[in-house]
file data.txt (compact mmCIF, C-alpha atoms)
# COMPACT_ATOMS: atom_id res chain seq x y z
CA MET A 1 35.18 -35.22 -59.63
CA ARG A 2 38.06 -37.46 -60.64
CA ASN A 3 40.72 -37.23 -63.27
CA TRP A 4 39.85 -39.93 -65.82
CA LYS A 5 43.46 -40.89 -66.48
CA SER A 6 45.03 -40.79 -63.02
CA GLY A 7 41.99 -41.50 -60.87
CA GLU A 8 42.95 -38.56 -58.64
CA LEU A 9 40.04 -37.07 -56.67
CA LEU A 10 39.71 -33.42 -57.70
CA ARG A 11 36.44 -32.33 -56.08
CA SER A 12 33.55 -33.74 -54.06
CA TRP A 13 30.03 -32.41 -53.49
CA GLN A 14 28.72 -32.95 -49.97
CA GLY A 15 25.43 -31.90 -48.44
CA HIS A 16 22.90 -34.73 -48.54
CA LYS A 17 22.32 -36.26 -45.12
CA ARG A 18 21.75 -39.75 -46.54
CA ARG A 19 22.42 -41.74 -49.71
CA VAL A 20 22.50 -39.88 -53.05
CA ALA A 21 20.20 -41.65 -55.51
CA ASP A 22 20.69 -39.72 -58.75
CA VAL A 23 22.75 -36.89 -60.19
CA GLN A 24 22.41 -34.97 -63.46
CA PHE A 25 23.82 -31.96 -65.22
CA SER A 26 21.40 -29.15 -66.00
CA PRO A 27 20.59 -28.97 -69.74
CA ASP A 28 22.93 -25.96 -70.11
CA GLN A 29 25.68 -27.93 -68.28
CA ASN A 30 26.22 -25.08 -65.77
CA LEU A 31 24.79 -26.76 -62.65
CA ILE A 32 24.60 -30.21 -61.12
CA PHE A 33 21.35 -31.50 -59.60
CA SER A 34 21.15 -34.36 -57.13
CA CYS A 35 18.45 -36.16 -55.18
CA GLY A 36 18.63 -38.51 -52.27
CA TYR A 37 17.30 -40.53 -49.43
CA ASP A 38 17.14 -37.42 -47.23
CA SER A 39 13.97 -36.48 -49.22
CA THR A 40 15.61 -33.49 -50.90
CA LEU A 41 16.93 -32.33 -54.24
CA ARG A 42 19.93 -30.04 -54.41
CA SER A 43 21.53 -27.87 -57.05
CA TRP A 44 25.28 -27.25 -57.09
CA THR A 45 27.80 -25.17 -58.97
CA LEU A 46 30.48 -27.02 -60.88
CA ASP A 47 32.86 -25.84 -58.14
CA GLY A 48 30.91 -27.80 -55.52
CA GLU A 49 29.00 -24.95 -53.86
CA LEU A 50 25.41 -25.64 -52.83
CA VAL A 51 23.03 -23.31 -54.69
CA ARG A 52 19.65 -24.48 -53.44
CA THR A 53 17.86 -27.24 -51.54
CA PHE A 54 14.46 -28.35 -52.84
CA SER A 55 12.08 -29.71 -50.20
CA GLY A 56 8.65 -31.19 -50.85
CA HIS A 57 8.89 -34.97 -50.95
CA ASN A 58 8.04 -36.70 -47.68
CA GLN A 59 10.14 -39.80 -48.40
CA GLU A 60 13.27 -40.70 -50.36
CA VAL A 61 13.75 -39.10 -53.79
CA THR A 62 15.05 -41.68 -56.26
CA ASP A 63 15.26 -40.04 -59.69
CA LEU A 64 15.41 -36.77 -61.63
CA ALA A 65 14.57 -35.70 -65.19
CA PHE A 66 14.58 -32.38 -67.05
CA ALA A 67 11.95 -31.21 -69.53
CA ASP A 68 13.06 -29.71 -72.83
CA ASP A 69 12.55 -26.16 -71.62
CA GLY A 70 15.62 -26.62 -69.41
CA GLN A 71 13.78 -25.03 -66.48
CA THR A 72 11.33 -27.74 -65.44
CA LEU A 73 12.92 -30.35 -63.21
CA MET A 74 10.90 -33.45 -62.34
CA SER A 75 11.54 -35.72 -59.38
CA GLY A 76 10.05 -39.00 -58.23
CA GLY A 77 10.49 -41.21 -55.24
CA ARG A 78 9.28 -43.52 -52.57
CA ASP A 79 6.22 -41.34 -51.83
CA ARG A 80 4.85 -42.38 -55.29
CA SER A 81 4.67 -38.74 -56.41
CA ILE A 82 6.22 -36.84 -59.26
CA LYS A 83 6.99 -33.25 -58.45
CA PHE A 84 7.55 -30.54 -61.04
CA TRP A 85 9.98 -27.80 -60.00
CA ASP A 86 11.28 -24.55 -61.39
CA ALA A 87 14.96 -25.49 -61.53
CA GLY A 88 16.08 -21.87 -61.24
CA THR A 89 14.02 -20.81 -58.24
CA GLY A 90 13.32 -24.13 -56.52
CA GLU A 91 9.59 -23.37 -56.54
CA LEU A 92 7.33 -26.43 -56.54
CA GLN A 93 5.02 -25.97 -59.53
CA ARG A 94 2.83 -29.04 -59.05
CA SER A 95 2.73 -32.55 -57.66
CA ILE A 96 0.90 -35.67 -58.78
CA VAL A 97 0.62 -39.17 -57.35
CA ALA A 98 1.77 -41.13 -60.38
CA GLN A 99 2.26 -44.69 -59.17
CA THR A 100 0.90 -47.15 -56.62
CA ALA A 101 4.40 -47.92 -55.33
CA GLU A 102 7.87 -46.34 -55.19
CA ILE A 103 9.07 -44.62 -58.35
CA LYS A 104 12.48 -45.90 -59.44
CA ASP A 105 13.06 -44.16 -62.77
CA LEU A 106 11.89 -41.15 -64.78
CA LEU A 107 12.58 -40.52 -68.45
CA TYR A 108 11.43 -37.48 -70.39
CA HIS A 109 10.62 -37.93 -74.10
CA SER A 110 11.11 -34.55 -75.75
CA ASP A 111 9.50 -35.32 -79.12
CA ARG A 112 6.27 -36.38 -77.47
CA ASP A 113 6.36 -34.11 -74.40
CA GLN A 114 5.76 -37.17 -72.23
CA LEU A 115 7.29 -38.44 -69.02
CA LEU A 116 7.77 -42.16 -68.38
CA SER A 117 7.62 -43.37 -64.80
CA ALA A 118 8.83 -46.83 -63.72
CA SER A 119 7.85 -48.31 -60.37
CA VAL A 120 8.98 -51.13 -58.10
CA ASP A 121 5.54 -52.73 -58.60
CA GLY A 122 6.53 -53.61 -62.18
CA THR A 123 4.51 -50.90 -63.93
CA ILE A 124 5.51 -48.20 -66.38
CA ARG A 125 3.23 -45.22 -66.75
CA ILE A 126 3.19 -42.40 -69.26
CA ILE A 127 2.43 -38.94 -67.89
CA VAL A 128 1.25 -36.37 -70.42
CA ASP A 129 0.68 -32.69 -69.89
call {"tool": "encode", "arguments": {"input": "data.txt", "output": "structure tokens"}}
result
Amino acid sequence: MRNWKSGELLRSWQGHKRRVADVQFSPDQNLIFSCGYDSTLRSWTLDGELVRTFSGHNQEVTDLAFADDGQTLMSGGRDRSIKFWDAGTGELQRSIVAQTAEIKDLLYHSDRDQLLSASVDGTIRIIVD
């Protein structure tokens, strides 16, 4: 965390063993979620304390998205899968192979209850529940 005006470093979150690929606030703005090339997701307090490590991907995790319920966290990565997690407990709810190549981006569309998945192979797929 940096001060916008001075640039002074105020706080840093450390725990991933490799590159951090994405970071997002929880919908209620009380936690920070990150994913990375160490194949994990992590949740953090705003003070920088690690709350939980999510394990389930077998390769790098490249992106995160939250569903409207504020509790379902979705992750995608190099293993071509999208995993659906309970953000509060870290429990893996389900996993699907969604692409034929690495997933680079996820975007949740709340009005349609759909998840968009973009891949390095040039495809975009819509995942519906």
call {"tool": "residues_around", "arguments": {"input": "data.txt", "residues": "Thr123 in chain A", "least_positions_apart": "6", "cutoff": "12 Å", "atoms": "all atoms listed in the file", "output": "list in words"}}
result
Ala98, Gln99, Thr100, Ala101, Glu102, Ile103, Lys104, Asp105, Leu116 and Ser117 of chain A
call {"tool": "write_last_selection", "arguments": {"input": "data.txt", "atoms": "C-alpha atoms", "output": "compact mmCIF listing (two decimals), keeping the file's coordinate frame"}}
result
# COMPACT_ATOMS: atom_id res chain seq x y z
CA ALA A 98 1.77 -41.13 -60.38
CA GLN A 99 2.26 -44.69 -59.17
CA THR A 100 0.90 -47.15 -56.62
CA ALA A 101 4.40 -47.92 -55.33
CA GLU A 102 7.87 -46.34 -55.19
CA ILE A 103 9.07 -44.62 -58.35
CA LYS A 104 12.48 -45.90 -59.44
CA ASP A 105 13.06 -44.16 -62.77
CA LEU A 116 7.77 -42.16 -68.38
CA SER A 117 7.62 -43.37 -64.80
call {"tool": "closest_residue", "arguments": {"input": "data.txt", "among": "A:Gly76, A:Gly122, A:Gly56, A:Gly90", "to": "Leu107 in chain A", "atoms": "all atoms listed in the file"}}
result
A:Gly76
call {"tool": "closest_residue", "arguments": {"input": "data.txt", "among": "A:Asp63, A:Gly15, A:Phe84, A:Gly70", "to": "Leu50 in chain A", "atoms": "all atoms listed in the file"}}
result
A:Gly15
call {"tool": "closest_residue", "arguments": {"input": "data.txt", "among": "A:Thr40, A:Ser95, A:Ser26, A:Ser119", "to": "Ala67 in chain A", "atoms": "all atoms listed in the file"}}
result
A:Ser26
call {"tool": "atom_distance", "arguments": {"input": "data.txt", "atom1": "CA of Leu73 in chain A", "atom2": "CA of Val23 in chain A"}}
result
12.2 Å
call {"tool": "closest_residue", "arguments": {"input": "data.txt", "among": "A:Asp121, A:Glu60, A:Glu49, A:Asp113", "to": "Arg19 in chain A", "atoms": "all atoms listed in the file"}}
result
A:Glu60
call {"tool": "atom_distance", "arguments": {"input": "data.txt", "atom1": "CA of Thr45 in chain A", "atom2": "CA of Asn30 in chain A"}}
result
7.0 Å
call {"tool": "closest_residue", "arguments": {"input": "data.txt", "among": "A:Glu91, A:Asp22, A:Asp28, A:Asp38", "to": "Ala65 in chain A", "atoms": "all atoms listed in the file"}}
result
A:Asp22
call {"tool": "closest_residue", "arguments": {"input": "data.txt", "among": "A:Val120, A:Met74, A:Ile82, A:Ala87", "to": "Ile32 in chain A", "atoms": "only C-alpha atoms"}}
result
A:Ala87
call {"tool": "atom_distance", "arguments": {"input": "data.txt", "atom1": "CA of Leu64 in chain A", "atom2": "CA of Val128 in chain A"}}
result
16.7 Å
call {"tool": "residues_around", "arguments": {"input": "data.txt", "residues": "Val97 in chain A", "least_positions_apart": "6", "cutoff": "9 Å", "atoms": "all atoms listed in the file", "output": "number ranges by chain"}}
result
A: 79-83
call {"tool": "decode", "arguments": {"input": "data.txt", "residues": "range 16-129 of chain A", "atoms": "C-alpha atoms", "output": "PDB file, in the first residue's frame"}}
result
ATOM      1  CA  HIS A  16       3.174 -16.043  -2.535  1.00  0.00           C
ATOM      2  CA  LYS A  17       6.259 -18.053  -3.455  1.00  0.00           C
ATOM      3  CA  ARG A  18       6.254 -16.832  -7.065  1.00  0.00           C
ATOM      4  CA  ARG A  19       4.805 -14.016  -9.170  1.00  0.00           C
ATOM      5  CA  VAL A  20       1.432 -12.539  -8.158  1.00  0.00           C
ATOM      6  CA  ALA A  21      -0.865 -12.518 -11.196  1.00  0.00           C
ATOM      7  CA  ASP A  22      -4.012 -10.785  -9.930  1.00  0.00           C
ATOM      8  CA  VAL A  23      -5.357  -9.055  -6.849  1.00  0.00           C
ATOM      9  CA  GLN A  24      -8.892  -7.953  -5.947  1.00  0.00           C
ATOM     10  CA  PHE A  25     -10.862  -6.597  -3.043  1.00  0.00           C
ATOM     11  CA  SER A  26     -13.690  -8.756  -1.748  1.00  0.00           C
ATOM     12  CA  PRO A  27     -17.115  -7.330  -2.681  1.00  0.00           C
ATOM     13  CA  ASP A  28     -17.558  -6.030   0.895  1.00  0.00           C
ATOM     14  CA  GLN A  29     -14.082  -4.406   0.689  1.00  0.00           C
ATOM     15  CA  ASN A  30     -12.952  -6.108   3.934  1.00  0.00           C
ATOM     16  CA  LEU A  31     -10.440  -8.579   2.474  1.00  0.00           C
ATOM     17  CA  ILE A  32      -7.927  -8.733  -0.345  1.00  0.00           C
ATOM     18  CA  PHE A  33      -7.656 -11.829  -2.562  1.00  0.00           C
ATOM     19  CA  SER A  34      -4.629 -12.666  -4.675  1.00  0.00           C
ATOM     20  CA  CYS A  35      -3.566 -15.443  -7.016  1.00  0.00           C
ATOM     21  CA  GLY A  36      -0.229 -16.357  -8.432  1.00  0.00           C
ATOM     22  CA  TYR A  37       2.249 -18.507 -10.208  1.00  0.00           C
ATOM     23  CA  ASP A  38       2.704 -20.655  -7.088  1.00  0.00           C
ATOM     24  CA  SER A  39      -0.685 -22.255  -8.006  1.00  0.00           C
ATOM     25  CA  THR A  40      -2.474 -20.759  -5.000  1.00  0.00           C
ATOM     26  CA  LEU A  41      -5.022 -18.124  -4.087  1.00  0.00           C
ATOM     27  CA  ARG A  42      -4.718 -16.241  -0.830  1.00  0.00           C
ATOM     28  CA  SER A  43      -6.974 -14.025   1.239  1.00  0.00           C
ATOM     29  CA  TRP A  44      -5.569 -11.213   3.363  1.00  0.00           C
ATOM     30  CA  THR A  45      -6.765  -8.683   5.894  1.00  0.00           C
ATOM     31  CA  LEU A  46      -6.358  -5.028   5.006  1.00  0.00           C
ATOM     32  CA  ASP A  47      -3.566  -4.996   7.603  1.00  0.00           C
ATOM     33  CA  GLY A  48      -1.569  -7.526   5.574  1.00  0.00           C
ATOM     34  CA  GLU A  49      -2.220 -10.676   7.614  1.00  0.00           C
ATOM     35  CA  LEU A  50      -2.742 -13.910   5.698  1.00  0.00           C
ATOM     36  CA  VAL A  51      -6.222 -15.314   6.368  1.00  0.00           C
ATOM     37  CA  ARG A  52      -6.272 -18.390   4.156  1.00  0.00           C
ATOM     38  CA  THR A  53      -4.458 -20.183   1.346  1.00  0.00           C
ATOM     39  CA  PHE A  54      -6.586 -21.847  -1.334  1.00  0.00           C
ATOM     40  CA  SER A  55      -5.005 -24.875  -3.019  1.00  0.00           C
ATOM     41  CA  GLY A  56      -6.477 -26.839  -5.901  1.00  0.00           C
ATOM     42  CA  HIS A  57      -4.947 -25.657  -9.160  1.00  0.00           C
ATOM     43  CA  ASN A  58      -2.024 -27.734 -10.396  1.00  0.00           C
ATOM     44  CA  GLN A  59      -0.429 -24.904 -12.388  1.00  0.00           C
ATOM     45  CA  GLU A  60      -0.231 -21.111 -12.256  1.00  0.00           C
ATOM     46  CA  VAL A  61      -3.397 -19.203 -11.329  1.00  0.00           C
ATOM     47  CA  THR A  62      -3.773 -16.142 -13.552  1.00  0.00           C
ATOM     48  CA  ASP A  63      -7.075 -14.449 -12.703  1.00  0.00           C
ATOM     49  CA  LEU A  64      -9.858 -14.045 -10.141  1.00  0.00           C
ATOM     50  CA  ALA A  65     -13.513 -12.962 -10.257  1.00  0.00           C
ATOM     51  CA  PHE A  66     -16.309 -12.734  -7.697  1.00  0.00           C
ATOM     52  CA  ALA A  67     -19.940 -13.697  -8.270  1.00  0.00           C
ATOM     53  CA  ASP A  68     -22.682 -11.327  -7.143  1.00  0.00           C
ATOM     54  CA  ASP A  69     -23.349 -13.292  -3.971  1.00  0.00           C
ATOM     55  CA  GLY A  70     -20.017 -12.016  -2.642  1.00  0.00           C
ATOM     56  CA  GLN A  71     -19.132 -15.509  -1.430  1.00  0.00           C
ATOM     57  CA  THR A  72     -18.322 -17.349  -4.651  1.00  0.00           C
ATOM     58  CA  LEU A  73     -14.785 -16.714  -5.833  1.00  0.00           C
ATOM     59  CA  MET A  74     -13.773 -18.021  -9.255  1.00  0.00           C
ATOM     60  CA  SER A  75     -10.208 -18.626 -10.396  1.00  0.00           C
ATOM     61  CA  GLY A  76      -8.656 -19.627 -13.689  1.00  0.00           C
ATOM     62  CA  GLY A  77      -5.189 -20.418 -14.861  1.00  0.00           C
ATOM     63  CA  ARG A  78      -2.677 -22.303 -16.882  1.00  0.00           C
ATOM     64  CA  ASP A  79      -4.324 -25.669 -16.099  1.00  0.00           C
ATOM     65  CA  ARG A  80      -7.300 -24.543 -18.288  1.00  0.00           C
ATOM     66  CA  SER A  81      -9.713 -24.955 -15.378  1.00  0.00           C
ATOM     67  CA  ILE A  82     -12.056 -22.604 -13.613  1.00  0.00           C
ATOM     68  CA  LYS A  83     -12.488 -23.338  -9.956  1.00  0.00           C
ATOM     69  CA  PHE A  84     -15.388 -22.118  -7.838  1.00  0.00           C
ATOM     70  CA  TRP A  85     -14.548 -21.470  -4.180  1.00  0.00           C
ATOM     71  CA  ASP A  86     -16.372 -20.472  -1.040  1.00  0.00           C
ATOM     72  CA  ALA A  87     -14.452 -17.265  -0.342  1.00  0.00           C
ATOM     73  CA  GLY A  88     -15.154 -17.442   3.388  1.00  0.00           C
ATOM     74  CA  THR A  89     -14.097 -21.027   4.056  1.00  0.00           C
ATOM     75  CA  GLY A  90     -11.724 -21.720   1.172  1.00  0.00           C
ATOM     76  CA  GLU A  91     -13.707 -24.833   0.263  1.00  0.00           C
ATOM     77  CA  LEU A  92     -13.506 -25.848  -3.398  1.00  0.00           C
ATOM     78  CA  GLN A  93     -17.121 -26.094  -4.573  1.00  0.00           C
ATOM     79  CA  ARG A  94     -16.502 -27.324  -8.113  1.00  0.00           C
ATOM     80  CA  SER A  95     -14.043 -27.315 -10.973  1.00  0.00           C
ATOM     81  CA  ILE A  96     -14.529 -27.350 -14.735  1.00  0.00           C
ATOM     82  CA  VAL A  97     -12.118 -27.498 -17.656  1.00  0.00           C
ATOM     83  CA  ALA A  98     -13.249 -24.397 -19.508  1.00  0.00           C
ATOM     84  CA  GLN A  99     -10.644 -23.815 -22.207  1.00  0.00           C
ATOM     85  CA  THR A 100      -8.238 -25.708 -24.445  1.00  0.00           C
ATOM     86  CA  ALA A 101      -5.329 -23.493 -23.378  1.00  0.00           C
ATOM     87  CA  GLU A 102      -4.288 -21.239 -20.495  1.00  0.00           C
ATOM     88  CA  ILE A 103      -6.964 -18.933 -19.093  1.00  0.00           C
ATOM     89  CA  LYS A 104      -5.793 -15.316 -18.998  1.00  0.00           C
ATOM     90  CA  ASP A 105      -8.893 -13.411 -17.885  1.00  0.00           C
ATOM     91  CA  LEU A 106     -12.219 -13.947 -16.130  1.00  0.00           C
ATOM     92  CA  LEU A 107     -15.102 -11.491 -16.022  1.00  0.00           C
ATOM     93  CA  TYR A 108     -18.379 -12.055 -14.202  1.00  0.00           C
ATOM     94  CA  HIS A 109     -21.534 -10.483 -15.692  1.00  0.00           C
ATOM     95  CA  SER A 110     -23.974 -10.006 -12.830  1.00  0.00           C
ATOM     96  CA  ASP A 111     -27.084  -9.182 -14.866  1.00  0.00           C
ATOM     97  CA  ARG A 112     -26.798 -12.397 -16.835  1.00  0.00           C
ATOM     98  CA  ASP A 113     -25.200 -14.619 -14.181  1.00  0.00           C
ATOM     99  CA  GLN A 114     -22.518 -15.557 -16.702  1.00  0.00           C
ATOM    100  CA  LEU A 115     -18.758 -15.847 -16.535  1.00  0.00           C
ATOM    101  CA  LEU A 116     -16.554 -14.907 -19.483  1.00  0.00           C
ATOM    102  CA  SER A 117     -13.274 -16.744 -19.899  1.00  0.00           C
ATOM    103  CA  ALA A 118     -10.494 -15.545 -22.227  1.00  0.00           C
ATOM    104  CA  SER A 119      -7.662 -17.836 -23.277  1.00  0.00           C
ATOM    105  CA  VAL A 120      -4.219 -17.522 -24.840  1.00  0.00           C
ATOM    106  CA  ASP A 121      -5.528 -19.551 -27.807  1.00  0.00           C
ATOM    107  CA  GLY A 122      -7.608 -16.538 -28.883  1.00  0.00           C
ATOM    108  CA  THR A 123     -10.981 -17.807 -27.695  1.00  0.00           C
ATOM    109  CA  ILE A 124     -13.572 -16.313 -25.378  1.00  0.00           C
ATOM    110  CA  ARG A 125     -16.071 -18.646 -23.781  1.00  0.00           C
ATOM    111  CA  ILE A 126     -19.220 -17.960 -21.811  1.00  0.00           C
ATOM    112  CA  ILE A 127     -19.837 -20.191 -18.799  1.00  0.00           C
ATOM    113  CA  VAL A 128     -23.411 -20.322 -17.538  1.00  0.00           C
ATOM    114  CA  ASP A 129     -24.706 -21.990 -14.420  1.00  0.00           C
TER     115      ASP A 129
END
